[in-house]
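> Quick one: this structure, given as structure tokens, is what I'll be asking you about.
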Amino acid sequence: MRWLNHSRSGRVVVGATASALMILAAWLFTESKSETSYIWPTFGQVWTSFRETWLFSHVGSDVWPSLRRMFVGYGIAAVAGVAVGFVLGSSKVLDAMATPVVSFLRSIPAAALLPPAIVLFGIGDLTKIVVIAFVCCWPIILNTRDGVLELDDTMLASARIYGITGVRRFGLIVLPAVAPRIFAGLRISLSIAILLLVTSEMVASVNGIGYFVFLAQQQFAVDDMWAGVILLGLLGVVLNYLLSLVERFVLRWHQPADHA
Amino acid sequence: MPFRLGTFASRHSGATILGGAGVLVALAAWQALPATGIVSSTEIPGAAAVLGRLVELLGTGDLWKAVGATLAGAGLGFTAAVVIGVVIGTLMGSSALVRNALSPAVEFLRPVPGVALIPVAMLMFGPGLSSDVALVAFGCVWVVIIQTLAGVGAVDQVAVQTARSFRLSAWDRIRFVQVPSSLPFIATGMRIASSIALIVAVTAELISGNAGLGDSIALAQSAGRVDDMYAYILAAGVLGILAHIGFGGLERRLLHWHQSQRAGV
Amino acid sequence: MLEVVGLGKTYGSGAKAKTAIDRLDFSVETGEFVGIVGPSGAGKTTLLKCMSGLLAPTTGQVTLNGKPITEPPVEMAVVFQDYSRSLFAWFTIERNVELPLRHGGNRIKDPAAAAAEALKAVGLEGHEKSYPWQLSGGMQQRVAIARALAYQPQVLLMDEPFASVDAQTRAELEDLVLRVREQFGVTIILVTHDIDEAVYMSDRVVVLSRPPSTVQEVLTIDLPKPRSQSATKTLPEYAALRTRVYEEIVAPENRPSHV
């Protein structure tokens, strides 16, 4: 029992067994319902749809537009977010002035910003990019700002003592010191970006993975719908994993202390 | 004594005044946007027009019905997520076996974008409140599970052993050591879940057409009533802030003795 | 070489003003080792910040080679107490030591060689590619010392540098500093709360009074060199001197003197 609970191989065995049982239960459930219900396709049907749609016929027409929108919006949010975060972290006055406005804008559910964006920009790529960029920059701004506020006095004093100033000080000392916080913001924003991408494609789009899933549901093409949902889930897992790889490389020196 | 703006900003009173100034600047800029013709007022109406319309809507039934519908979906889903999440989180936190068994499933289902399941929910539950509730519950439960798990695990073993050495019963140990240690984490989870609940509810309404603020916004947009649209958006923002203040306050009260102990958000 | 003239520092203003240093006057000669001690709360850290140009004094000034110090002068290096926060965690040991030479106030032609020599002098050969968190506390402080030495300063300020390490490491580091002083011929000003350490290492000890601090006493330490943990500390002169310093610090007369 000790081995099962506390060793690494024990954990893997328990986890794999439990997951396998759950998948088996799902499989049995869908097989039993295949004749009677239209909501639950069988595993086989979903796999067929997945293979035919996403490997690889719809990659160019739907996956690529989706990824493109998301990365452009996310990229803008990252760059602008870090820049604004540094400004807010460096100026107590600007930070105090911006705080209530930022808090309010953050409280608006992101999806609610799609209709006004549609009014302004139509239903093309620009709408989605603008909304994703706008919403995703807040976690990055706030985390960057916190990182700047947390810059250690002794560390900055060392830089002053040894005459490290200006751009060099920023690039060699300030930026690496704030980097862990920036990545925390990037992680949060990535999840938001994926969510917003799917939402925007279900509300106003002519292509994309989200659009595909929505259309499939409207047409009761259930296998296609589920195949799309699974692809979206996989996309989330893969993108988060890629970001964690980048983070682990950039922050390979980082030993996190207790984070408040 | 020379007046330094930076020092002024660090004081609470100074920060509040500057914050108010910031709001005024933002409102002025908003009002100036259509007024100076940068955008047309049929695309972005000025601050005065929108705020005026919001006040009007407060007097009608439409706004309150929409708010009620959103709160119903978000609230019921949130409650379900908290109950289920605390139960599962406690089980996972107390038993290594359960934790090892369920972790893969939690880690795999957690990153699934809740939005992607909106079409699924529409098929399963049809139009109406239940699909919103289910979606909100799915979106919120993971945060609650993870926070509860962390809360159960964060119980100071020294405190537990001290309690046992004083021969407190198992029930008393739960009451006086376990629960107070875990509550701050659960409170944090509830705060985060409350904003997720609101976001999922509005998003679901936007896409599925179920009644609520999200639906009102979409309807206003397609009817070209931009003033209404922005007014409803402001209302949604206000709801968001109220939820944040409410649950944030609860969290602070439970955390007041136990700062700097969060399971990474 | 370094002169502290009428130095005073008051924080805040009006009713809540706090005078850490009232008036300090002393000087440090080239090549000297000066220890600065005082009771808890005496403005030792404030003094060090003013001496290093990190903080502007309210009254008086500090001059180095006749020039008043307003910014951290390039002839000066500082070793702080908290090594984990003064070193840069994202650089290796050697890059940490090289950094002031590549990008700081004293850029030289071969930073790598200077860094290697400094690391060798502090006994950290072989650890160049490690990151600070991989080293023990004592070793990290050695890196900070190496970084200061590689910078080729005329004056080395040390702010309670051994307060955060255990006693045995402290003794090793004390001897290390004395050795590198011989090797590099640098003037050292050591701020410490540890009386034994001040007497053991210094040529002269400046005793500060309680805040608002003034120079209470300046004692000449004429113990034989080279100092040794075992030999020097058993000398009767050592005991007498440290008792003298101790009495100065806890004496009832150790009240702020009124000018």
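Each chain in the structure tokens gets a letter, A, B and so on, in the order shown; residues start at 1 in every chain, and ligands are counted from 1 in the order they appear.
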Please identify every residue of chain A that has at least one atom no more than 7 Å from any atom of chain B, counting only C-alpha atoms, and report them as a ChimeraX atom specification.
/A:5,11,14-15,18-19,39,92-93,96-101,104,107-109,111-112,115,119-120,195,198-199,202-203,214,217,229,233,236-237,260
> Would you kindly return, as a ChimeraX atom specification, each protein, DNA or RNA residue with an atom no farther than 12 Å from any atom of Arg252 (chain A), considering only C-alpha atoms and excluding same-chain residues fewer than 6 positions away?
/A:176,179-180,244-246 /C:89-92,131,133
> Compile the residues of chain C that lie within 12 Å of chain B, evaluated using only C-alpha atoms, and express the compilation as a VMD selection string.
chain C and resid 12 to 14
> For N, CA and C atoms, I'd like the residues from the last selection saved as a PDB file, in the first residue's frame.

```pdb
ATOM      1  N   GLY C  12      12.774  61.578   6.888  1.00  0.00           N
ATOM      2  CA  GLY C  12      11.479  62.202   7.122  1.00  0.00           C
ATOM      3  C   GLY C  12      11.636  63.645   7.539  1.00  0.00           C
ATOM      4  N   SER C  13      10.536  64.256   7.911  1.00  0.00           N
ATOM      5  CA  SER C  13      10.603  65.662   8.307  1.00  0.00           C
ATOM      6  C   SER C  13       9.484  65.957   9.287  1.00  0.00           C
ATOM      7  N   GLY C  14       9.587  67.118   9.879  1.00  0.00           N
ATOM      8  CA  GLY C  14       8.554  67.547  10.814  1.00  0.00           C
ATOM      9  C   GLY C  14       8.576  66.703  12.080  1.00  0.00           C
TER      10      GLY C  14
END
```
> Any chance you could list, as a PyMOL selection string, the residues in region 50-153 of chain C that come up alpha helix (DSSP H) when DSSP is run on the backbone?
chain C and resi 50-51+83-86+93-103+111-121+137-150
> Write out, as a JSON list (two decimals), in the first residue's frame, the residues just selected, with C-alpha atoms.

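Contents of again06.json, freshly written:
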```
[["chain", "number", "residue", "atom", "x", "y", "z"],
["C", 50, "CYS", "CA", 26.30, 57.60, 2.55],
["C", 51, "MET", "CA", 29.91, 56.52, 2.21],
["C", 83, "TYR", "CA", 24.69, 37.57, -0.73],
["C", 84, "SER", "CA", 21.64, 35.85, -2.14],
["C", 85, "ARG", "CA", 20.20, 39.22, -3.11],
["C", 86, "SER", "CA", 23.37, 40.99, -4.19],
["C", 93, "ILE", "CA", 29.50, 32.62, -10.95],
["C", 94, "GLU", "CA", 32.04, 33.75, -13.47],
["C", 95, "ARG", "CA", 29.56, 35.94, -15.33],
["C", 96, "ASN", "CA", 28.58, 37.53, -12.02],
["C", 97, "VAL", "CA", 32.20, 38.41, -11.35],
["C", 98, "GLU", "CA", 32.82, 39.55, -14.91],
["C", 99, "LEU", "CA", 29.72, 41.70, -15.18],
["C", 100, "PRO", "CA", 31.08, 44.94, -13.66],
["C", 101, "LEU", "CA", 34.18, 44.55, -15.81],
["C", 102, "ARG", "CA", 32.23, 44.06, -19.02],
["C", 103, "HIS", "CA", 29.28, 46.36, -18.48],
["C", 111, "PRO", "CA", 37.43, 40.45, -17.96],
["C", 112, "ALA", "CA", 37.56, 36.67, -18.06],
["C", 113, "ALA", "CA", 41.15, 36.56, -16.84],
["C", 114, "ALA", "CA", 40.53, 39.09, -14.08],
["C", 115, "ALA", "CA", 37.48, 37.14, -12.95],
["C", 116, "ALA", "CA", 39.37, 33.87, -12.95],
["C", 117, "GLU", "CA", 42.15, 35.39, -10.87],
["C", 118, "ALA", "CA", 39.71, 36.81, -8.36],
["C", 119, "LEU", "CA", 37.84, 33.54, -8.04],
["C", 120, "LYS", "CA", 41.10, 31.74, -7.51],
["C", 121, "ALA", "CA", 42.06, 34.22, -4.79],
["C", 137, "GLY", "CA", 26.11, 30.70, 1.83],
["C", 138, "GLY", "CA", 29.80, 31.07, 2.60],
["C", 139, "MET", "CA", 30.72, 30.31, -0.99],
["C", 140, "GLN", "CA", 28.21, 32.82, -2.30],
["C", 141, "GLN", "CA", 29.72, 35.51, -0.13],
["C", 142, "ARG", "CA", 33.12, 34.56, -1.50],
["C", 143, "VAL", "CA", 31.71, 35.21, -4.97],
["C", 144, "ALA", "CA", 30.59, 38.64, -3.84],
["C", 145, "ILE", "CA", 34.06, 39.29, -2.49],
["C", 146, "ALA", "CA", 35.64, 38.05, -5.73],
["C", 147, "ARG", "CA", 33.38, 40.34, -7.72],
["C", 148, "ALA", "CA", 34.47, 43.27, -5.57],
["C", 149, "LEU", "CA", 38.15, 42.36, -5.93],
["C", 150, "ALA", "CA", 38.01, 41.88, -9.69]]
```
> Mind checking which residues fall within 12 Å of region 130-133 of chain A, counting only C-alpha atoms, ignoring those fewer than 3 positions away in the same chain, and posting them as number ranges by chain?
A: 66, 68-81, 109-118, 120-127, 136-141, 189-201
> What would the file look like if the residues just selected were written as a PDB file, in the first residue's frame with C-alpha atoms?

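Just written: again21.pdb:
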```pdb
ATOM      1  CA  SER A  66      -7.248  29.771 -35.791  1.00  0.00           C
ATOM      2  CA  ARG A  68      -2.679  32.599 -36.745  1.00  0.00           C
ATOM      3  CA  ARG A  69      -5.310  34.780 -35.075  1.00  0.00           C
ATOM      4  CA  MET A  70      -4.435  33.551 -31.665  1.00  0.00           C
ATOM      5  CA  PHE A  71      -0.687  34.011 -32.012  1.00  0.00           C
ATOM      6  CA  VAL A  72      -0.936  37.507 -33.443  1.00  0.00           C
ATOM      7  CA  GLY A  73      -3.311  38.620 -30.712  1.00  0.00           C
ATOM      8  CA  TYR A  74      -1.299  36.894 -27.993  1.00  0.00           C
ATOM      9  CA  GLY A  75       1.946  38.282 -29.364  1.00  0.00           C
ATOM     10  CA  ILE A  76       0.625  41.836 -29.336  1.00  0.00           C
ATOM     11  CA  ALA A  77      -0.670  41.313 -25.810  1.00  0.00           C
ATOM     12  CA  ALA A  78       2.716  40.001 -24.665  1.00  0.00           C
ATOM     13  CA  VAL A  79       4.754  42.880 -26.073  1.00  0.00           C
ATOM     14  CA  ALA A  80       2.292  45.617 -25.125  1.00  0.00           C
ATOM     15  CA  GLY A  81       1.593  44.003 -21.776  1.00  0.00           C
ATOM     16  CA  PRO A 109     -16.410  39.216 -19.268  1.00  0.00           C
ATOM     17  CA  ALA A 110     -14.200  39.013 -22.323  1.00  0.00           C
ATOM     18  CA  ALA A 111     -16.879  37.549 -24.550  1.00  0.00           C
ATOM     19  CA  ALA A 112     -18.981  40.659 -23.990  1.00  0.00           C
ATOM     20  CA  LEU A 113     -16.362  42.636 -25.894  1.00  0.00           C
ATOM     21  CA  LEU A 114     -16.950  40.695 -29.089  1.00  0.00           C
ATOM     22  CA  PRO A 115     -20.147  42.451 -30.192  1.00  0.00           C
ATOM     23  CA  PRO A 116     -18.648  45.948 -29.960  1.00  0.00           C
ATOM     24  CA  ALA A 117     -15.572  44.665 -31.792  1.00  0.00           C
ATOM     25  CA  ILE A 118     -17.833  43.278 -34.498  1.00  0.00           C
ATOM     26  CA  LEU A 120     -16.121  48.292 -35.283  1.00  0.00           C
ATOM     27  CA  PHE A 121     -14.213  45.715 -37.262  1.00  0.00           C
ATOM     28  CA  GLY A 122     -16.656  43.305 -38.837  1.00  0.00           C
ATOM     29  CA  ILE A 123     -16.331  39.556 -38.628  1.00  0.00           C
ATOM     30  CA  GLY A 124     -12.845  39.141 -40.026  1.00  0.00           C
ATOM     31  CA  ASP A 125      -9.517  38.323 -38.451  1.00  0.00           C
ATOM     32  CA  LEU A 126      -9.011  41.835 -37.104  1.00  0.00           C
ATOM     33  CA  THR A 127     -11.923  41.550 -34.698  1.00  0.00           C
ATOM     34  CA  CYS A 136      -4.863  39.017 -22.805  1.00  0.00           C
ATOM     35  CA  CYS A 137      -2.703  42.000 -22.027  1.00  0.00           C
ATOM     36  CA  TRP A 138      -4.169  42.560 -18.543  1.00  0.00           C
ATOM     37  CA  PRO A 139      -2.702  39.534 -16.752  1.00  0.00           C
ATOM     38  CA  ILE A 140       0.639  40.293 -18.386  1.00  0.00           C
ATOM     39  CA  ILE A 141       0.481  43.964 -17.427  1.00  0.00           C
ATOM     40  CA  SER A 189      -2.953  34.849 -20.791  1.00  0.00           C
ATOM     41  CA  LEU A 190      -2.391  31.784 -22.945  1.00  0.00           C
ATOM     42  CA  SER A 191      -5.395  30.030 -21.442  1.00  0.00           C
ATOM     43  CA  ILE A 192      -7.453  33.157 -21.924  1.00  0.00           C
ATOM     44  CA  ALA A 193      -6.271  33.477 -25.516  1.00  0.00           C
ATOM     45  CA  ILE A 194      -7.411  29.946 -26.341  1.00  0.00           C
ATOM     46  CA  LEU A 195     -10.784  30.544 -24.739  1.00  0.00           C
ATOM     47  CA  LEU A 196     -11.294  33.811 -26.561  1.00  0.00           C
ATOM     48  CA  LEU A 197     -10.227  32.316 -29.853  1.00  0.00           C
ATOM     49  CA  VAL A 198     -12.867  29.622 -29.608  1.00  0.00           C
ATOM     50  CA  THR A 199     -15.508  32.070 -28.412  1.00  0.00           C
ATOM     51  CA  SER A 200     -14.830  34.546 -31.176  1.00  0.00           C
ATOM     52  CA  GLU A 201     -14.979  31.836 -33.776  1.00  0.00           C
TER      53      GLU A 201
END
```
> Of the candidates A:Thr17, A:Ser9, A:Ser103, A:Thr165, which shows the shortest atom-to-atom distance to chain C, using only C-alpha atoms?
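Answer, going by the shortest atom-to-atom distance: A:Thr165.
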> Would you list which chain A residues are within 10 Å of chain C using only C-alpha atoms, as a PyMOL selection string?
chain A and resi 152-165+168-169+172-173+176-177+250-255
> With N, CA and C atoms kept, could you save the residues just selected as an mmCIF file, in the first residue's frame?

```cif
data_model
loop_
_atom_site.group_PDB
_atom_site.id
_atom_site.type_symbol
_atom_site.label_atom_id
_atom_site.label_comp_id
_atom_site.auth_asym_id
_atom_site.auth_seq_id
_atom_site.Cartn_x
_atom_site.Cartn_y
_atom_site.Cartn_z
ATOM 1 N N ASP A 152 14.427 43.669 -6.042
ATOM 2 C CA ASP A 152 15.090 43.687 -4.754
ATOM 3 C C ASP A 152 16.031 44.890 -4.622
ATOM 4 N N ASP A 153 15.942 45.567 -3.476
ATOM 5 C CA ASP A 153 16.766 46.763 -3.243
ATOM 6 C C ASP A 153 18.247 46.460 -3.254
ATOM 7 N N THR A 154 18.616 45.366 -2.573
ATOM 8 C CA THR A 154 20.040 45.043 -2.508
ATOM 9 C C THR A 154 20.578 44.756 -3.897
ATOM 10 N N MET A 155 19.785 44.054 -4.710
ATOM 11 C CA MET A 155 20.240 43.727 -6.056
ATOM 12 C C MET A 155 20.440 45.003 -6.867
ATOM 13 N N LEU A 156 19.483 45.927 -6.768
ATOM 14 C CA LEU A 156 19.613 47.178 -7.515
ATOM 15 C C LEU A 156 20.767 48.020 -6.987
ATOM 16 N N ALA A 157 20.991 47.956 -5.661
ATOM 17 C CA ALA A 157 22.119 48.697 -5.097
ATOM 18 C C ALA A 157 23.431 48.158 -5.644
ATOM 19 N N SER A 158 23.527 46.817 -5.759
ATOM 20 C CA SER A 158 24.737 46.225 -6.334
ATOM 21 C C SER A 158 24.979 46.761 -7.733
ATOM 22 N N ALA A 159 23.919 46.838 -8.506
ATOM 23 C CA ALA A 159 24.073 47.342 -9.873
ATOM 24 C C ALA A 159 24.587 48.772 -9.862
ATOM 25 N N ARG A 160 24.070 49.569 -8.964
ATOM 26 C CA ARG A 160 24.525 50.970 -8.870
ATOM 27 C C ARG A 160 25.978 51.046 -8.463
ATOM 28 N N ILE A 161 26.339 50.264 -7.481
ATOM 29 C CA ILE A 161 27.714 50.283 -6.983
ATOM 30 C C ILE A 161 28.685 50.001 -8.110
ATOM 31 N N TYR A 162 28.379 49.010 -8.897
ATOM 32 C CA TYR A 162 29.318 48.605 -9.930
ATOM 33 C C TYR A 162 29.100 49.345 -11.236
ATOM 34 N N GLY A 163 28.298 50.402 -11.190
ATOM 35 C CA GLY A 163 28.190 51.275 -12.350
ATOM 36 C C GLY A 163 27.468 50.661 -13.526
ATOM 37 N N ILE A 164 26.542 49.745 -13.290
ATOM 38 C CA ILE A 164 25.775 49.153 -14.387
ATOM 39 C C ILE A 164 24.499 49.953 -14.523
ATOM 40 N N THR A 165 24.391 50.695 -15.636
ATOM 41 C CA THR A 165 23.286 51.645 -15.769
ATOM 42 C C THR A 165 22.608 51.513 -17.118
ATOM 43 N N ARG A 168 21.950 48.624 -20.407
ATOM 44 C CA ARG A 168 22.582 47.400 -19.915
ATOM 45 C C ARG A 168 21.933 46.950 -18.626
ATOM 46 N N ARG A 169 21.656 47.918 -17.749
ATOM 47 C CA ARG A 169 21.021 47.571 -16.476
ATOM 48 C C ARG A 169 19.665 46.913 -16.746
ATOM 49 N N LEU A 172 20.368 43.344 -18.619
ATOM 50 C CA LEU A 172 21.136 42.332 -17.912
ATOM 51 C C LEU A 172 20.593 42.047 -16.520
ATOM 52 N N ILE A 173 19.914 43.015 -15.940
ATOM 53 C CA ILE A 173 19.518 42.862 -14.540
ATOM 54 C C ILE A 173 18.005 42.954 -14.327
ATOM 55 N N PRO A 176 15.802 40.114 -16.519
ATOM 56 C CA PRO A 176 15.841 38.745 -15.977
ATOM 57 C C PRO A 176 15.174 38.642 -14.612
ATOM 58 N N ALA A 177 15.309 39.716 -13.818
ATOM 59 C CA ALA A 177 14.717 39.644 -12.474
ATOM 60 C C ALA A 177 13.190 39.596 -12.548
ATOM 61 N N VAL A 250 14.169 29.436 -20.465
ATOM 62 C CA VAL A 250 14.550 30.819 -20.167
ATOM 63 C C VAL A 250 14.855 30.996 -18.687
ATOM 64 N N LEU A 251 14.080 30.286 -17.853
ATOM 65 C CA LEU A 251 14.230 30.475 -16.419
ATOM 66 C C LEU A 251 15.011 29.337 -15.789
ATOM 67 N N ARG A 252 15.957 28.759 -16.541
ATOM 68 C CA ARG A 252 16.623 27.578 -15.993
ATOM 69 C C ARG A 252 17.413 27.883 -14.730
ATOM 70 N N TRP A 253 17.675 29.133 -14.451
ATOM 71 C CA TRP A 253 18.420 29.499 -13.266
ATOM 72 C C TRP A 253 17.520 29.698 -12.057
ATOM 73 N N HIS A 254 16.197 29.627 -12.255
ATOM 74 C CA HIS A 254 15.276 30.145 -11.255
ATOM 75 C C HIS A 254 14.943 29.104 -10.201
ATOM 76 N N GLN A 255 15.132 29.493 -8.947
ATOM 77 C CA GLN A 255 14.706 28.637 -7.850
ATOM 78 C C GLN A 255 13.592 29.337 -7.129
#
```
> Hey, what's within 8 Å of region 166-179 of chain C if we count only C-alpha atoms and toss same-chain stuff fewer than 3 positions away? As a PyMOL selection string, please?
chain C and resi 122+138+142+162-163+182-183+197+201+228-229
> By how many Å are CA of Ile145 (chain B) and CA of Ser181 (chain B) apart?
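Separating CA of Ile145 (chain B) from CA of Ser181 (chain B) is a distance of 15.8 Å.
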> Of the candidates C:Val250, C:Leu55, C:Val245, C:Leu208, which shows the shortest atom-to-atom distance to Gly38 (chain C), using only C-alpha atoms?
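Of C:Val250, C:Leu55, C:Val245, C:Leu208, the one nearest Gly38 (chain C), counting only C-alpha atoms, is C:Leu208.
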